[in-house]
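Engineer: What follows is protein31.cif; its format and atoms are mmCIF, C-alpha atoms (C1' of nucleotides).
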```
data_query
loop_
_atom_site.label_atom_id
_atom_site.label_comp_id
_atom_site.auth_asym_id
_atom_site.auth_seq_id
_atom_site.Cartn_x
_atom_site.Cartn_y
_atom_site.Cartn_z
CA MET A 1 71.00 43.45 103.35
CA ASN A 2 73.87 41.31 102.10
CA GLU A 3 74.65 37.74 103.21
CA ASP A 4 71.76 35.36 103.74
CA LYS A 5 73.58 32.16 104.72
CA GLU A 6 72.42 31.55 108.23
CA LEU A 7 69.43 33.86 107.94
CA GLN A 8 67.11 31.29 106.41
CA CYS A 9 64.08 30.84 108.57
CA ALA A 10 61.32 28.26 109.13
CA GLU A 11 57.77 29.08 108.19
CA CYS A 12 55.56 30.96 110.62
CA PRO A 13 51.76 31.24 110.75
CA HIS A 14 51.16 34.69 109.31
CA HIS A 15 54.60 36.00 108.55
CA ILE A 16 57.90 34.45 107.62
CA GLU A 17 59.18 35.44 110.98
CA CYS A 18 62.48 34.76 112.70
CA GLY A 19 63.09 36.08 116.18
CA GLY A 20 60.90 39.01 115.33
CA LYS A 21 62.56 39.63 111.98
CA ASN A 22 60.57 39.00 108.86
CA ILE A 23 63.57 38.27 106.69
CA GLU A 24 61.70 37.76 103.44
CA LEU A 25 59.70 40.95 103.74
CA VAL A 26 62.72 42.97 104.70
CA LYS A 27 64.78 41.61 101.83
CA ARG A 28 62.02 42.17 99.33
CA LEU A 29 61.39 45.77 100.42
CA ALA A 30 65.03 46.73 100.88
CA ASP A 31 65.45 47.32 97.15
CA LYS A 32 62.17 49.13 96.70
CA MET A 33 62.76 51.50 99.61
CA ILE A 34 62.60 55.21 99.05
CA THR A 35 66.13 56.61 98.70
CA GLU A 36 67.71 58.81 101.35
CA GLU A 37 67.56 61.69 98.92
CA GLU A 38 63.88 61.24 98.08
CA ALA A 39 62.99 60.89 101.74
CA TYR A 40 64.88 64.06 102.46
CA PHE A 41 63.08 66.07 99.79
CA VAL A 42 59.67 64.69 100.73
CA SER A 43 60.24 65.52 104.39
CA GLU A 44 61.41 69.02 103.47
CA LEU A 45 58.26 69.45 101.41
CA PHE A 46 56.02 68.48 104.32
CA LYS A 47 58.13 70.58 106.66
CA ALA A 48 57.00 73.57 104.63
CA LEU A 49 53.41 72.55 105.40
CA SER A 50 54.09 71.92 109.07
CA ASP A 51 53.55 75.43 110.37
CA MET A 52 50.21 76.96 111.24
CA THR A 53 51.00 80.33 109.72
CA ARG A 54 52.09 78.78 106.44
CA VAL A 55 49.00 76.58 106.33
CA ARG A 56 46.80 79.63 106.81
CA ILE A 57 48.67 81.48 104.08
CA LEU A 58 48.14 78.59 101.68
CA PHE A 59 44.44 78.38 102.48
CA CYS A 60 44.19 82.08 101.69
CA LEU A 61 45.80 81.48 98.35
CA LEU A 62 43.37 78.69 97.54
CA GLY A 63 40.90 81.56 97.13
CA GLY A 64 43.06 83.07 94.37
CA GLU A 65 46.26 85.02 93.97
CA MET A 66 46.89 87.65 96.56
CA CYS A 67 49.47 90.29 97.42
CA VAL A 68 51.50 90.16 100.61
CA CYS A 69 49.59 92.84 102.47
CA ASP A 70 46.27 91.10 101.80
CA ILE A 71 47.70 87.88 103.21
CA GLN A 72 48.99 89.83 106.16
CA GLU A 73 45.49 91.20 106.69
CA LEU A 74 43.80 87.80 106.49
CA VAL A 75 46.30 85.83 108.51
CA GLY A 76 46.93 88.59 111.01
CA VAL A 77 50.67 88.35 111.48
CA SER A 78 53.42 90.92 110.84
CA GLN A 79 54.63 91.83 107.35
CA SER A 80 58.03 90.43 108.11
CA ALA A 81 56.66 87.13 109.36
CA VAL A 82 54.48 86.73 106.26
CA SER A 83 57.41 87.48 104.03
CA HIS A 84 59.69 85.00 105.77
CA GLN A 85 57.06 82.29 105.53
CA LEU A 86 56.35 83.05 101.90
CA ARG A 87 60.01 82.51 101.19
CA THR A 88 59.85 79.10 102.85
CA LEU A 89 56.79 78.22 100.78
CA LYS A 90 58.48 79.47 97.62
CA GLN A 91 61.62 77.42 98.29
CA ALA A 92 59.48 74.33 98.76
CA GLY A 93 57.86 74.99 95.40
CA LEU A 94 54.44 75.45 96.98
CA VAL A 95 53.79 79.00 95.79
CA LYS A 96 54.84 81.24 92.94
CA TYR A 97 54.48 84.98 92.41
CA ARG A 98 54.39 87.70 89.82
CA ARG A 99 55.07 91.37 90.24
CA GLU A 100 52.51 94.03 89.40
CA GLY A 101 53.76 97.49 90.22
CA LYS A 102 54.87 97.67 93.78
CA SER A 103 52.99 94.52 94.78
CA LEU A 104 53.93 90.89 94.49
CA TYR A 105 51.01 88.58 93.84
CA TYR A 106 51.47 85.13 95.29
CA SER A 107 49.55 82.05 94.24
CA ILE A 108 49.48 78.28 94.69
CA ALA A 109 52.20 76.68 92.58
CA ASP A 110 50.29 73.67 91.25
CA GLY A 111 47.59 71.08 91.80
CA HIS A 112 49.65 68.93 94.16
CA VAL A 113 49.50 71.66 96.77
CA SER A 114 45.71 71.83 96.72
CA THR A 115 45.52 68.04 96.81
CA MET A 116 47.77 67.80 99.84
CA LEU A 117 45.91 70.53 101.70
CA ALA A 118 42.53 69.00 100.89
CA THR A 119 43.66 65.53 101.89
CA GLY A 120 45.15 66.88 105.11
CA LEU A 121 41.96 68.71 105.95
CA GLU A 122 39.91 65.59 105.25
CA HIS A 123 42.20 63.55 107.44
CA ILE A 124 41.77 65.75 110.50
CA SER A 125 37.97 65.91 110.12
CA GLU A 126 37.26 62.33 111.12
CA MET B 127 37.03 92.48 109.44
CA ASN B 128 34.41 94.79 110.97
CA GLU B 129 33.68 98.40 109.88
CA ASP B 130 33.74 99.23 106.20
CA LYS B 131 32.83 102.94 106.23
CA GLU B 132 35.87 104.63 104.78
CA LEU B 133 37.28 101.43 103.27
CA GLN B 134 35.34 101.67 100.02
CA CYS B 135 37.69 101.80 97.09
CA ALA B 136 37.63 102.82 93.42
CA GLU B 137 37.96 100.23 90.72
CA CYS B 138 41.38 99.04 89.63
CA PRO B 139 42.47 97.30 86.41
CA HIS B 140 42.87 93.69 87.54
CA HIS B 141 42.01 93.80 91.20
CA ILE B 142 39.81 95.96 93.36
CA GLU B 143 42.92 97.41 94.83
CA CYS B 144 43.40 100.19 97.36
CA GLY B 145 46.86 101.12 98.49
CA GLY B 146 47.88 97.54 98.03
CA LYS B 147 44.85 96.18 99.88
CA ASN B 148 42.25 94.28 97.91
CA ILE B 149 39.41 95.11 100.23
CA GLU B 150 36.75 93.10 98.44
CA LEU B 151 38.84 89.96 98.20
CA VAL B 152 39.89 90.19 101.81
CA LYS B 153 36.36 90.76 103.03
CA ARG B 154 35.00 87.92 100.94
CA LEU B 155 37.64 85.44 102.08
CA ALA B 156 37.70 86.48 105.72
CA ASP B 157 34.58 84.43 106.48
CA LYS B 158 35.67 81.41 104.50
CA MET B 159 39.11 81.26 106.09
CA ILE B 160 40.28 78.09 107.76
CA THR B 161 39.83 78.38 111.51
CA GLU B 162 42.78 78.66 113.89
CA GLU B 163 41.93 75.23 115.20
CA GLU B 164 41.78 73.58 111.79
CA ALA B 165 45.04 75.24 110.74
CA TYR B 166 46.64 73.98 113.92
CA PHE B 167 45.55 70.38 113.37
CA VAL B 168 46.50 70.41 109.70
CA SER B 169 49.95 71.80 110.52
CA GLU B 170 50.40 69.19 113.24
CA LEU B 171 49.48 66.50 110.75
CA PHE B 172 52.06 67.69 108.25
CA LYS B 173 54.58 68.13 111.05
CA ALA B 174 54.35 64.39 111.55
CA LEU B 175 55.35 63.99 107.91
CA SER B 176 58.15 66.52 108.11
CA ASP B 177 60.92 64.24 109.29
CA MET B 178 63.07 62.05 107.10
CA THR B 179 63.01 59.09 109.46
CA ARG B 180 59.24 59.17 109.74
CA VAL B 181 58.85 59.45 105.98
CA ARG B 182 61.06 56.42 105.52
CA ILE B 183 59.06 54.49 108.11
CA LEU B 184 55.82 55.31 106.32
CA PHE B 185 57.23 54.25 102.97
CA CYS B 186 58.21 50.94 104.57
CA LEU B 187 54.66 50.49 105.76
CA LEU B 188 53.27 51.16 102.30
CA GLY B 189 54.67 47.71 101.55
CA GLY B 190 52.45 46.18 104.20
CA GLU B 191 52.26 45.89 107.97
CA MET B 192 55.53 45.40 109.74
CA CYS B 193 56.88 44.92 113.24
CA VAL B 194 59.17 47.43 114.88
CA CYS B 195 62.38 45.48 114.44
CA ASP B 196 61.75 45.03 110.72
CA ILE B 197 61.28 48.78 110.38
CA GLN B 198 64.43 49.27 112.39
CA GLU B 199 66.25 46.96 109.96
CA LEU B 200 64.96 48.73 106.85
CA VAL B 201 65.36 52.28 108.04
CA GLY B 202 68.60 51.67 109.86
CA VAL B 203 68.11 53.68 113.01
CA SER B 204 68.06 52.63 116.66
CA GLN B 205 65.14 50.77 118.23
CA SER B 206 64.48 53.70 120.52
CA ALA B 207 64.43 56.19 117.69
CA VAL B 208 62.00 54.06 115.68
CA SER B 209 59.75 53.68 118.68
CA HIS B 210 59.71 57.39 119.42
CA GLN B 211 58.90 58.20 115.81
CA LEU B 212 56.18 55.57 115.67
CA ARG B 213 54.56 57.24 118.61
CA THR B 214 54.57 60.56 116.79
CA LEU B 215 53.03 58.90 113.74
CA LYS B 216 50.43 57.17 115.90
CA GLN B 217 49.48 60.41 117.64
CA ALA B 218 49.01 62.07 114.27
CA GLY B 219 46.69 59.25 113.25
CA LEU B 220 49.02 58.18 110.44
CA VAL B 221 49.64 54.62 111.61
CA LYS B 222 47.89 52.00 113.69
CA TYR B 223 49.11 48.75 115.19
CA ARG B 224 48.04 45.38 116.48
CA ARG B 225 49.84 43.08 118.83
CA GLU B 226 50.82 39.54 117.90
CA GLY B 227 52.76 37.84 120.62
CA LYS B 228 55.74 39.90 121.61
CA SER B 229 55.66 41.94 118.44
CA LEU B 230 53.63 44.98 117.51
CA TYR B 231 52.67 45.16 113.85
CA TYR B 232 52.34 48.68 112.56
CA SER B 233 50.50 49.70 109.41
CA ILE B 234 49.29 52.76 107.51
CA ALA B 235 46.16 54.13 109.17
CA ASP B 236 44.10 54.97 106.09
CA GLY B 237 44.03 56.01 102.46
CA HIS B 238 44.74 59.67 103.16
CA VAL B 239 48.24 58.80 104.27
CA SER B 240 49.08 57.00 101.04
CA THR B 241 47.55 59.85 99.05
CA MET B 242 49.61 62.48 100.82
CA LEU B 243 52.83 60.50 100.47
CA ALA B 244 52.18 59.80 96.80
CA THR B 245 51.31 63.42 96.08
CA GLY B 246 54.39 64.58 97.94
CA LEU B 247 56.59 62.21 96.01
CA GLU B 248 55.06 63.37 92.73
CA HIS B 249 55.63 66.97 93.68
CA ILE B 250 59.34 66.58 94.29
CA SER B 251 59.88 64.61 91.06
CA GLU B 252 59.41 67.51 88.66
"C1'" DA C 253 59.53 32.58 139.18
"C1'" DT C 254 63.23 33.75 135.90
"C1'" DA C 255 65.26 34.80 131.67
"C1'" DA C 256 64.85 36.41 127.15
"C1'" DT C 257 62.72 39.11 123.70
"C1'" DA C 258 60.15 43.15 121.79
"C1'" DT C 259 58.89 47.53 122.47
"C1'" DA C 260 57.94 51.93 125.07
"C1'" DT C 261 59.31 55.83 127.77
"C1'" DG C 262 61.68 59.72 130.28
"C1'" DA C 263 65.51 62.83 130.66
"C1'" DA C 264 69.00 65.38 128.48
"C1'" DC C 265 71.46 67.59 124.92
"C1'" DA C 266 72.48 69.46 120.30
"C1'" DG C 267 70.46 71.22 116.44
"C1'" DT C 268 66.56 73.60 114.21
"C1'" DT C 269 62.78 77.01 113.67
"C1'" DA C 270 59.38 81.12 113.92
"C1'" DT C 271 58.99 85.46 115.33
"C1'" DT C 272 60.60 90.23 116.14
"C1'" DC C 273 63.29 94.20 115.19
"C1'" DA C 274 65.92 96.96 112.33
"C1'" DT C 275 67.22 97.79 107.86
"C1'" DA C 276 67.73 97.06 102.83
"C1'" DT C 277 65.86 96.64 98.12
"C1'" DG C 278 62.88 97.70 94.41
"C1'" DT C 279 58.98 100.34 92.35
"C1'" DT C 280 56.07 104.40 91.55
"C1'" DC C 281 54.93 109.10 91.65
"C1'" DA C 282 55.75 114.04 92.15
"C1'" DT D 283 66.10 113.22 92.55
"C1'" DG D 284 63.56 112.26 96.62
"C1'" DA D 285 59.61 110.61 99.19
"C1'" DA D 286 56.38 106.95 99.89
"C1'" DC D 287 55.04 102.38 99.55
"C1'" DA D 288 55.51 97.17 99.21
"C1'" DT D 289 58.26 93.62 100.24
"C1'" DA D 290 62.64 91.14 101.43
"C1'" DT D 291 66.39 90.06 104.45
"C1'" DG D 292 69.81 89.40 108.33
"C1'" DA D 293 70.63 88.88 113.16
"C1'" DA D 294 69.04 87.51 117.57
"C1'" DT D 295 66.45 84.92 120.70
"C1'" DA D 296 63.01 81.77 122.74
"C1'" DA D 297 60.74 77.64 121.83
"C1'" DC D 298 60.69 73.24 119.80
"C1'" DT D 299 62.52 68.62 117.90
"C1'" DG D 300 65.20 64.17 117.13
"C1'" DT D 301 68.45 61.27 118.84
"C1'" DT D 302 70.84 58.77 122.48
"C1'" DC D 303 71.17 56.50 126.80
"C1'" DA D 304 69.27 54.20 130.50
"C1'" DT D 305 65.44 51.98 132.12
"C1'" DA D 306 60.61 50.29 132.31
"C1'" DT D 307 56.79 47.38 130.65
"C1'" DA D 308 54.73 43.48 128.43
"C1'" DT D 309 54.78 38.86 126.49
"C1'" DT D 310 56.58 34.23 125.97
"C1'" DA D 311 59.34 30.20 127.06
"C1'" DT D 312 61.87 27.50 130.48
#
```
Using structure tokens, write down the structure from this file.

Structural biologist:
Amino acid sequence: MNEDKELQCAECPHHIECGGKNIELVKRLADKMITEEEAYFVSELFKALSDMTRVRILFCLLGGEMCVCDIQELVGVSQSAVSHQLRTLKQAGLVKYRREGKSLYYSIADGHVSTMLATGLEHISE
Amino acid sequence: MNEDKELQCAECPHHIECGGKNIELVKRLADKMITEEEAYFVSELFKALSDMTRVRILFCLLGGEMCVCDIQELVGVSQSAVSHQLRTLKQAGLVKYRREGKSLYYSIADGHVSTMLATGLEHISE
DNA sequence: ATAATATATGAACAGTTATTCATATGTTCA
DNA sequence: TGAACATATGAATAACTGTTCATATATTAT
């Protein structure tokens, strides 16, 4: 992504191609590329969505806020497992919660979450 | 999710709550829950987006179709690694490709992919 | 045919992850 | 204060994942 002396290439039919390398395209995109940091955060975000149990928890919460034991009931996994996964979802900013007495009520953090879930569900139904 | 004889509960302030269990909510949502199969496929889809290298590859491809060695150049990982990750993305239905001579040109499979990436990027920038 | 190029693939290894089990924390009620 | 309930947390382990290395396949040019 630095010197371009001997990298100049002749024109090609569809692409400005040189020995398999589309120099122009690569140079143009190099600056606009997602940063390492952004890529890391985005991948971490999707990692939080990459587990079946967490997906089921989130789909529960699309129906409204819910306490941990209700989620446990609906998803059918142990209390500890639900709690661990809720922490993962919380850390990824996908859910939030409020306390009411002994219970914690979890809910979807914001509209992005619903959008991603809906788009994901659409994608697999094709 | 079957018998409801002795599960009837008295009314509660905000929720129809019984010993921490919101019977009504749980019963109502139980039928509408995402199936195991759907949850599995959705989580597999997001799993394909849960790796930094794959995210960077997809962001490359948002700039247009590209052959493997261009991706390799932009992302800066080995040819083998790119190829392995492209296979994962292909299997998840996130990318497609066409052959032109010796090169394979990969591209984003459909609009859902761009939507999910864009939504993910929005989500982390807050 | 042979060489060169572009890409895919299989095995292997190090690092990561989801669950379980046991226990801790925080809240309410008597 | 102590018991009961709701939830969180740490350690441990089995299963999974991404990269590397070596090699295979496919296409083109000589």

Engineer: I would like the residues chosen by the PyMOL selection byres ((chain A and resi 72) around 12) on the shown file; could you give them as number ranges by chain?

Structural biologist: A: 53-54, 56-57, 60-61, 66-71, 73-86; B: 146-148, 152, 156; D: 289

Engineer: Based on all atoms listed in the file, which of the residues in chain C come within 9 Å of chain A? I want them as a ChimeraX atom specification.

Structural biologist: /C:257-258,270-272,278-280

Engineer: How close does chain D get to chain A? List, as a Markdown table, each residue of chain D within 10 Å, its nearest atom pair and the distance in Å to one decimal, counting only C-alpha atoms (C1' of nucleotides).

Structural biologist:
```
| residue | atom | partner | partner_atom | distance |
| --- | --- | --- | --- | --- |
| D:DC287 | C1' | A:Lys102 | CA | 7.5 |
| D:DA288 | C1' | A:Lys102 | CA | 5.5 |
| D:DT289 | C1' | A:Ser83 | CA | 7.3 |
| D:DA290 | C1' | A:Ser83 | CA | 6.9 |
| D:DT291 | C1' | A:His84 | CA | 8.5 |
```

Engineer: Tell me as a list in words which residues belonging to chain B come within 6 Å of chain A, counting only C-alpha atoms.

Structural biologist: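 On the chain B side, the interface is Lys147, Ala165, Tyr166, Val168, Ser169, Phe172, Lys173, Leu175, Ser176, Asp177, Met178, Asp196, Met242 and Gly246 of chain B.
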
Engineer: State, in Å with one decimal place, the distance from CA of Tyr106 in chain A to C1' of DA274 in chain C.

Structural biologist: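 One can read the CA of Tyr106 in chain A to C1' of DA274 in chain C distance as 25.3 Å.
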
Engineer: Any idea what the distance is between C1' of DT259 in chain C and C1' of DT299 in chain D?

Structural biologist: 21.9 Å

Engineer: I need the residue set behind the PyMOL selection byres ((chain C and resi 262-266) around 10) for this file; please write it as number ranges by chain.

Structural biologist: C: 261, 267-268; D: 300-306

Engineer: Run the PyMOL selection byres ((chain D and resi 297) around 9) mentally over the shown coordinates, then write out the matched residues as number ranges by chain, using the chain letters and numbers from the document.

Structural biologist: C: 269-270; D: 296, 298

Engineer: What does the distance between CA of Val95 in chain A and C1' of DT277 in chain C come to in Å, to one decimal place?

Structural biologist: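 Going from CA of Val95 in chain A over to C1' of DT277 in chain C covers 21.5 Å.
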